[in-house]
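Visitor: Structure file upload.cif (mmCIF, C-alpha atoms and all ligand atoms) right here:
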data_model
loop_
_atom_site.label_atom_id
_atom_site.label_comp_id
_atom_site.auth_asym_id
_atom_site.auth_seq_id
_atom_site.Cartn_x
_atom_site.Cartn_y
_atom_site.Cartn_z
CA MET F 1 0.00 0.00 0.00
CA LYS F 2 1.27 3.44 -0.93
CA PHE F 3 2.48 5.62 1.91
CA ALA F 4 -0.14 8.35 1.36
CA ARG F 5 -2.92 5.76 1.38
CA ARG F 6 -1.58 4.18 4.57
CA ARG F 7 -1.59 7.61 6.18
CA VAL F 8 -5.26 8.19 5.21
CA MET F 9 -6.12 4.71 6.53
CA PHE F 10 -4.55 5.45 9.91
CA GLU F 11 -6.13 8.94 10.09
CA SER F 12 -9.58 7.45 9.50
CA ALA F 13 -8.98 4.66 12.05
CA LEU F 14 -7.88 7.24 14.63
CA GLU F 15 -11.06 9.27 14.08
CA MET F 16 -13.16 6.18 14.91
CA ILE F 17 -11.35 5.62 18.19
CA GLU F 18 -11.39 9.30 19.12
CA ALA F 19 -15.18 9.22 18.63
CA ASP F 20 -15.37 6.54 21.32
CA VAL F 21 -13.14 8.52 23.67
CA ARG F 22 -15.25 11.66 23.17
CA ALA F 23 -18.51 9.72 23.56
CA ALA F 24 -17.22 8.57 26.92
CA GLY F 25 -16.81 12.20 27.91
CA ALA F 26 -13.06 12.69 27.72
CA GLY F 27 -10.28 13.14 25.27
CA GLU F 28 -9.92 16.91 25.32
CA GLU F 29 -6.72 16.41 27.29
CA LEU F 30 -5.36 13.91 24.81
CA SER F 31 -3.64 15.21 21.74
CA LEU F 32 -3.16 12.32 19.38
CA SER F 33 -1.95 12.63 15.83
CA ILE F 34 -0.34 10.41 13.25
CA ASP F 35 3.27 11.48 12.83
CA GLU F 36 5.55 10.58 9.98
CA ARG F 37 9.25 10.35 9.55
CA PHE F 38 10.56 10.43 6.04
CA SER F 39 13.12 7.89 4.98
CA ILE F 40 16.55 9.19 4.01
CA VAL F 41 16.92 6.18 1.73
CA PRO F 42 15.75 6.99 -1.82
CA CYS F 43 12.61 5.12 -2.93
CA LYS F 44 12.01 3.81 0.56
CA GLU F 45 8.76 4.80 2.26
CA GLY F 46 8.63 6.83 5.42
CA THR F 47 7.35 5.48 8.71
CA LEU F 48 4.14 6.38 10.57
CA TYR F 49 3.85 6.76 14.33
CA LEU F 50 1.26 7.38 17.01
CA ALA F 51 2.44 8.42 20.47
CA GLY F 52 5.96 7.38 19.51
CA ARG F 53 4.97 3.87 18.46
CA GLU F 54 5.65 2.69 14.93
CA LEU F 55 2.53 1.60 13.02
CA ASP F 56 2.59 -1.71 11.13
CA ALA F 57 -1.01 -2.42 10.08
CA ARG F 58 -1.63 -3.04 6.38
CA ASN F 59 -5.43 -2.97 6.34
CA HIS F 60 -8.10 -0.81 7.95
CA ALA F 61 -9.40 -3.32 10.51
CA ASP F 62 -5.88 -4.05 11.75
CA ALA F 63 -5.16 -0.30 11.84
CA VAL F 64 -8.17 0.28 14.09
CA ILE F 65 -6.99 -2.44 16.49
CA GLU F 66 -3.40 -1.21 16.48
CA LEU F 67 -4.40 2.40 17.17
CA ALA F 68 -7.09 1.48 19.72
CA ASP F 69 -4.45 -0.36 21.70
CA ILE F 70 -2.21 2.73 21.73
CA VAL F 71 -5.06 5.15 22.51
CA GLN F 72 -6.27 2.92 25.34
CA TYR F 73 -2.78 2.95 26.83
CA GLU F 74 -2.64 6.77 26.50
CA VAL F 75 -6.04 7.16 28.20
CA ILE F 76 -4.90 4.97 31.09
CA ASP F 77 -1.49 6.63 31.31
CA VAL F 78 -2.40 10.29 30.73
CA LEU F 79 -5.98 10.48 32.04
CA MET F 80 -5.42 7.79 34.70
CA THR F 81 -8.71 6.25 33.72
CA LEU F 82 -9.46 2.60 33.03
CA TRP F 83 -11.26 2.70 29.69
CA PRO F 84 -13.36 1.24 28.24
CA TRP F 85 -14.87 -0.44 31.28
CA CYS F 86 -17.44 -3.23 31.44
CA ASN F 87 -19.64 -2.53 34.45
CA GLN F 88 -21.30 -5.90 34.18
CA HIS F 89 -18.07 -7.79 34.75
CA ASN F 90 -16.05 -5.10 36.48
CA SER F 91 -13.40 -5.47 33.86
CA LEU F 92 -11.34 -3.52 31.33
CA ALA F 93 -12.24 -4.23 27.69
CA ASN F 94 -9.60 -4.59 24.98
CA PRO F 95 -9.61 -3.99 21.23
CA GLN F 96 -10.08 -7.18 19.24
CA LEU F 97 -11.28 -8.31 15.84
CA LYS F 98 -14.49 -10.35 15.97
CA ASP F 99 -15.70 -11.58 12.57
CA ASP F 100 -13.30 -9.03 11.04
CA ILE F 101 -15.02 -6.18 12.90
CA PRO F 102 -12.98 -4.16 15.41
CA VAL F 103 -14.73 -4.19 18.79
CA TRP F 104 -14.04 -3.47 22.45
CA TRP F 105 -14.03 -6.98 23.86
CA CYS F 106 -14.71 -7.92 27.47
CA GLU F 107 -12.59 -11.00 28.11
CA SER F 108 -14.13 -11.64 31.54
CA GLY F 109 -17.63 -12.01 30.12
CA LYS F 110 -16.57 -13.08 26.59
CA HIS F 111 -18.76 -10.49 24.94
CA THR F 112 -18.55 -7.40 22.75
CA LEU F 113 -18.86 -4.26 24.83
CA HIS F 114 -19.19 -2.02 21.79
CA ARG F 115 -18.14 -1.81 18.22
CA ILE F 116 -15.15 0.55 17.94
CA GLY F 117 -16.24 3.87 16.47
CA GLY F 118 -19.91 3.32 17.24
CA ILE F 119 -21.98 5.65 19.35
CA ALA F 120 -20.30 4.65 22.53
CA LEU F 121 -23.05 5.04 25.09
CA GLN F 122 -22.10 1.80 26.78
CA LEU F 123 -18.54 2.88 27.30
CA LEU F 124 -18.05 4.25 30.74
CA PHE F 125 -15.02 5.74 32.34
CA ARG F 126 -13.81 4.48 35.63
CA SER F 127 -11.32 6.54 37.51
CA TYR F 128 -8.61 4.94 39.62
CA SER F 129 -9.98 6.94 42.51
CA ALA F 130 -13.55 5.66 42.08
ZN ZN F 201 -18.27 -7.72 30.36
#
For this file, write the structure as structure tokens.
Guide:
Amino acid sequence: MKFARRRVMFESALEMIEADVRAAGAGEELSLSIDERFSIVPCKEGTLYLAGRELDARNHADAVIELADIVQYEVIDVLMTLWPWCNQHNSLANPQLKDDIPVWWCESGKHTLHRIGGIALQLLFRSYSA
């Protein structure tokens, strides 16, 4: 995949995850953007990063999972909030592909908490102090 197309793919994946973060009522404090470093080697593509981590995904679904993992870590690290949280099982959900669809997956209850990028009403923040 061409570099410019990969960049668009990651930008669109990031928008989906940011929608979930905003729907949960946070994210203003997070400033996340896809960064690129150009290669100094002629004819070699540059590299894309989010929050300092190199991005490897080659298709959109994998890109959503890869970025969701990074954004989740940033939310926990920067906002000190466990997100997204499954109230039913008192458990942190993780990004996973289910039937090729990126979802927030609750491993404790083996269920989909919410499709990533959906209207994330079911996603609730839980503060460490709560
Ligand atoms: Zn659950």
Visitor: Hey, which residues sit close to ligand ZN 201 (chain F)? Say within 10 Å, counting all atoms listed in the file, and write them as an NGL selection string.
Guide: :F and (85-93 or 104-113)
Visitor: Hey, what's within 8 Å of range 43-58 of chain F if we count all atoms listed in the file and toss same-chain stuff fewer than 5 positions away? As a list in words, please?
Guide: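 Listing them by chain and then by number gives Met1, Phe3, Arg6, Arg7, Leu32, Ser33, Ile34, Asp35, Glu36, Arg37, Phe38, Ala63, Glu66, Leu67 and Ile70 of chain F.
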Visitor: Using all atoms listed in the file, find each residue of range 33-72 of chain F with at least one atom at most 12 Å away from an atom of range 21-28 of chain F; report its shortest atom-to-atom pair and that distance in Å (one decimal), sort the rows by chain and rising residue number, and return the result as CSV.
Guide:
residue,atom,partner,partner_atom,distance
F:Ala68,CA,F:Val21,CA,10.1
F:Val71,CA,F:Val21,CA,8.8
F:Gln72,CA,F:Val21,CA,9.0
Visitor: What gap, in Å, lies between CA of Glu29 in chain F and CA of Met9 in chain F?
Guide: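 Taking CA of Glu29 in chain F as the start and CA of Met9 in chain F as the end point, the length is 23.8 Å.
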Visitor: Which distance in Å separates CA of Ile65 in chain F and CA of Val103 in chain F, to one decimal?
Guide: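 One can read the CA of Ile65 in chain F to CA of Val103 in chain F distance as 8.3 Å.
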Visitor: Would you mind telling me which residue in F:Leu97, F:Val41, F:Ile116, F:Leu30 lies nearest to Glu74 in chain F when using all atoms listed in the file?
Guide: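 Closest residue, counting all atoms listed in the file: F:Leu30.
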Visitor: Take CA of His60 in chain F and CA of Ile76 in chain F and report the distance between them in Å, one decimal.
Guide: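 The value is 24.1 Å.
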Visitor: Name the closest residue to Asp100 in chain F among the candidates F:Glu15, F:Asp77, F:Asp69, F:Asp62; distances are taken between atoms, counting only C-alpha atoms.
Guide: F:Asp62
Visitor: Considering only C-alpha atoms, can you say which of F:Lys98, F:Pro42, F:Val64, F:Met80 comes closest to Met16 in chain F?
Guide: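 Result for the nearest residue to Met16 in chain F: F:Val64.
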Visitor: Where atoms are absent from range 42-65 of chain F, fill them in so it carries N, CA and C atoms, then output it as a PDB file, in the coordinates of the input.
Guide:
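Result saved to selection-v2.pdb:
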ATOM      1  N   PRO F  42      16.583   6.726  -0.644  1.00  0.00           N
ATOM      2  CA  PRO F  42      15.750   6.990  -1.820  1.00  0.00           C
ATOM      3  C   PRO F  42      14.827   5.816  -2.136  1.00  0.00           C
ATOM      4  N   CYS F  43      13.603   6.120  -2.539  1.00  0.00           N
ATOM      5  CA  CYS F  43      12.610   5.120  -2.930  1.00  0.00           C
ATOM      6  C   CYS F  43      12.097   4.278  -1.775  1.00  0.00           C
ATOM      7  N   LYS F  44      12.532   4.565  -0.567  1.00  0.00           N
ATOM      8  CA  LYS F  44      12.010   3.810   0.560  1.00  0.00           C
ATOM      9  C   LYS F  44      10.965   4.688   1.265  1.00  0.00           C
ATOM     10  N   GLU F  45       9.845   4.048   1.630  1.00  0.00           N
ATOM     11  CA  GLU F  45       8.760   4.800   2.260  1.00  0.00           C
ATOM     12  C   GLU F  45       9.131   5.273   3.647  1.00  0.00           C
ATOM     13  N   GLY F  46       8.458   6.350   4.055  1.00  0.00           N
ATOM     14  CA  GLY F  46       8.630   6.830   5.420  1.00  0.00           C
ATOM     15  C   GLY F  46       7.901   5.925   6.396  1.00  0.00           C
ATOM     16  N   THR F  47       7.949   6.298   7.659  1.00  0.00           N
ATOM     17  CA  THR F  47       7.350   5.480   8.710  1.00  0.00           C
ATOM     18  C   THR F  47       6.315   6.322   9.456  1.00  0.00           C
ATOM     19  N   LEU F  48       5.204   5.683   9.848  1.00  0.00           N
ATOM     20  CA  LEU F  48       4.140   6.380  10.570  1.00  0.00           C
ATOM     21  C   LEU F  48       4.150   5.986  12.041  1.00  0.00           C
ATOM     22  N   TYR F  49       3.821   6.974  12.883  1.00  0.00           N
ATOM     23  CA  TYR F  49       3.850   6.760  14.330  1.00  0.00           C
ATOM     24  C   TYR F  49       2.612   7.332  14.985  1.00  0.00           C
ATOM     25  N   LEU F  50       2.226   6.740  16.112  1.00  0.00           N
ATOM     26  CA  LEU F  50       1.260   7.380  17.010  1.00  0.00           C
ATOM     27  C   LEU F  50       1.831   7.249  18.419  1.00  0.00           C
ATOM     28  N   ALA F  51       1.908   8.391  19.103  1.00  0.00           N
ATOM     29  CA  ALA F  51       2.440   8.420  20.470  1.00  0.00           C
ATOM     30  C   ALA F  51       3.799   7.718  20.538  1.00  0.00           C
ATOM     31  N   GLY F  52       4.604   7.921  19.518  1.00  0.00           N
ATOM     32  CA  GLY F  52       5.960   7.380  19.510  1.00  0.00           C
ATOM     33  C   GLY F  52       6.063   5.923  19.124  1.00  0.00           C
ATOM     34  N   ARG F  53       4.925   5.290  18.831  1.00  0.00           N
ATOM     35  CA  ARG F  53       4.970   3.870  18.460  1.00  0.00           C
ATOM     36  C   ARG F  53       4.796   3.684  16.959  1.00  0.00           C
ATOM     37  N   GLU F  54       5.676   2.912  16.374  1.00  0.00           N
ATOM     38  CA  GLU F  54       5.650   2.690  14.930  1.00  0.00           C
ATOM     39  C   GLU F  54       4.421   1.858  14.548  1.00  0.00           C
ATOM     40  N   LEU F  55       3.760   2.265  13.451  1.00  0.00           N
ATOM     41  CA  LEU F  55       2.530   1.600  13.020  1.00  0.00           C
ATOM     42  C   LEU F  55       2.826   0.606  11.893  1.00  0.00           C
ATOM     43  N   ASP F  56       2.288  -0.615  12.064  1.00  0.00           N
ATOM     44  CA  ASP F  56       2.590  -1.710  11.130  1.00  0.00           C
ATOM     45  C   ASP F  56       1.403  -2.154  10.281  1.00  0.00           C
ATOM     46  N   ALA F  57       0.177  -1.828  10.708  1.00  0.00           N
ATOM     47  CA  ALA F  57      -1.010  -2.420  10.080  1.00  0.00           C
ATOM     48  C   ALA F  57      -1.044  -2.156   8.573  1.00  0.00           C
ATOM     49  N   ARG F  58      -1.560  -3.135   7.844  1.00  0.00           N
ATOM     50  CA  ARG F  58      -1.630  -3.040   6.380  1.00  0.00           C
ATOM     51  C   ARG F  58      -3.056  -3.017   5.867  1.00  0.00           C
ATOM     52  N   ASN F  59      -4.041  -3.132   6.769  1.00  0.00           N
ATOM     53  CA  ASN F  59      -5.430  -2.970   6.340  1.00  0.00           C
ATOM     54  C   ASN F  59      -6.188  -2.204   7.420  1.00  0.00           C
ATOM     55  N   HIS F  60      -7.390  -1.738   7.076  1.00  0.00           N
ATOM     56  CA  HIS F  60      -8.100  -0.810   7.950  1.00  0.00           C
ATOM     57  C   HIS F  60      -8.478  -1.433   9.293  1.00  0.00           C
ATOM     58  N   ALA F  61      -8.979  -2.669   9.262  1.00  0.00           N
ATOM     59  CA  ALA F  61      -9.400  -3.320  10.510  1.00  0.00           C
ATOM     60  C   ALA F  61      -8.212  -3.472  11.462  1.00  0.00           C
ATOM     61  N   ASP F  62      -7.083  -3.903  10.918  1.00  0.00           N
ATOM     62  CA  ASP F  62      -5.880  -4.050  11.750  1.00  0.00           C
ATOM     63  C   ASP F  62      -5.405  -2.697  12.257  1.00  0.00           C
ATOM     64  N   ALA F  63      -5.566  -1.656  11.435  1.00  0.00           N
ATOM     65  CA  ALA F  63      -5.160  -0.300  11.840  1.00  0.00           C
ATOM     66  C   ALA F  63      -5.989   0.167  13.031  1.00  0.00           C
ATOM     67  N   VAL F  64      -7.294  -0.113  12.984  1.00  0.00           N
ATOM     68  CA  VAL F  64      -8.170   0.280  14.090  1.00  0.00           C
ATOM     69  C   VAL F  64      -7.726  -0.393  15.383  1.00  0.00           C
ATOM     70  N   ILE F  65      -7.424  -1.686  15.296  1.00  0.00           N
ATOM     71  CA  ILE F  65      -6.990  -2.440  16.490  1.00  0.00           C
ATOM     72  C   ILE F  65      -5.656  -1.893  17.000  1.00  0.00           C
TER      73      ILE F  65
END
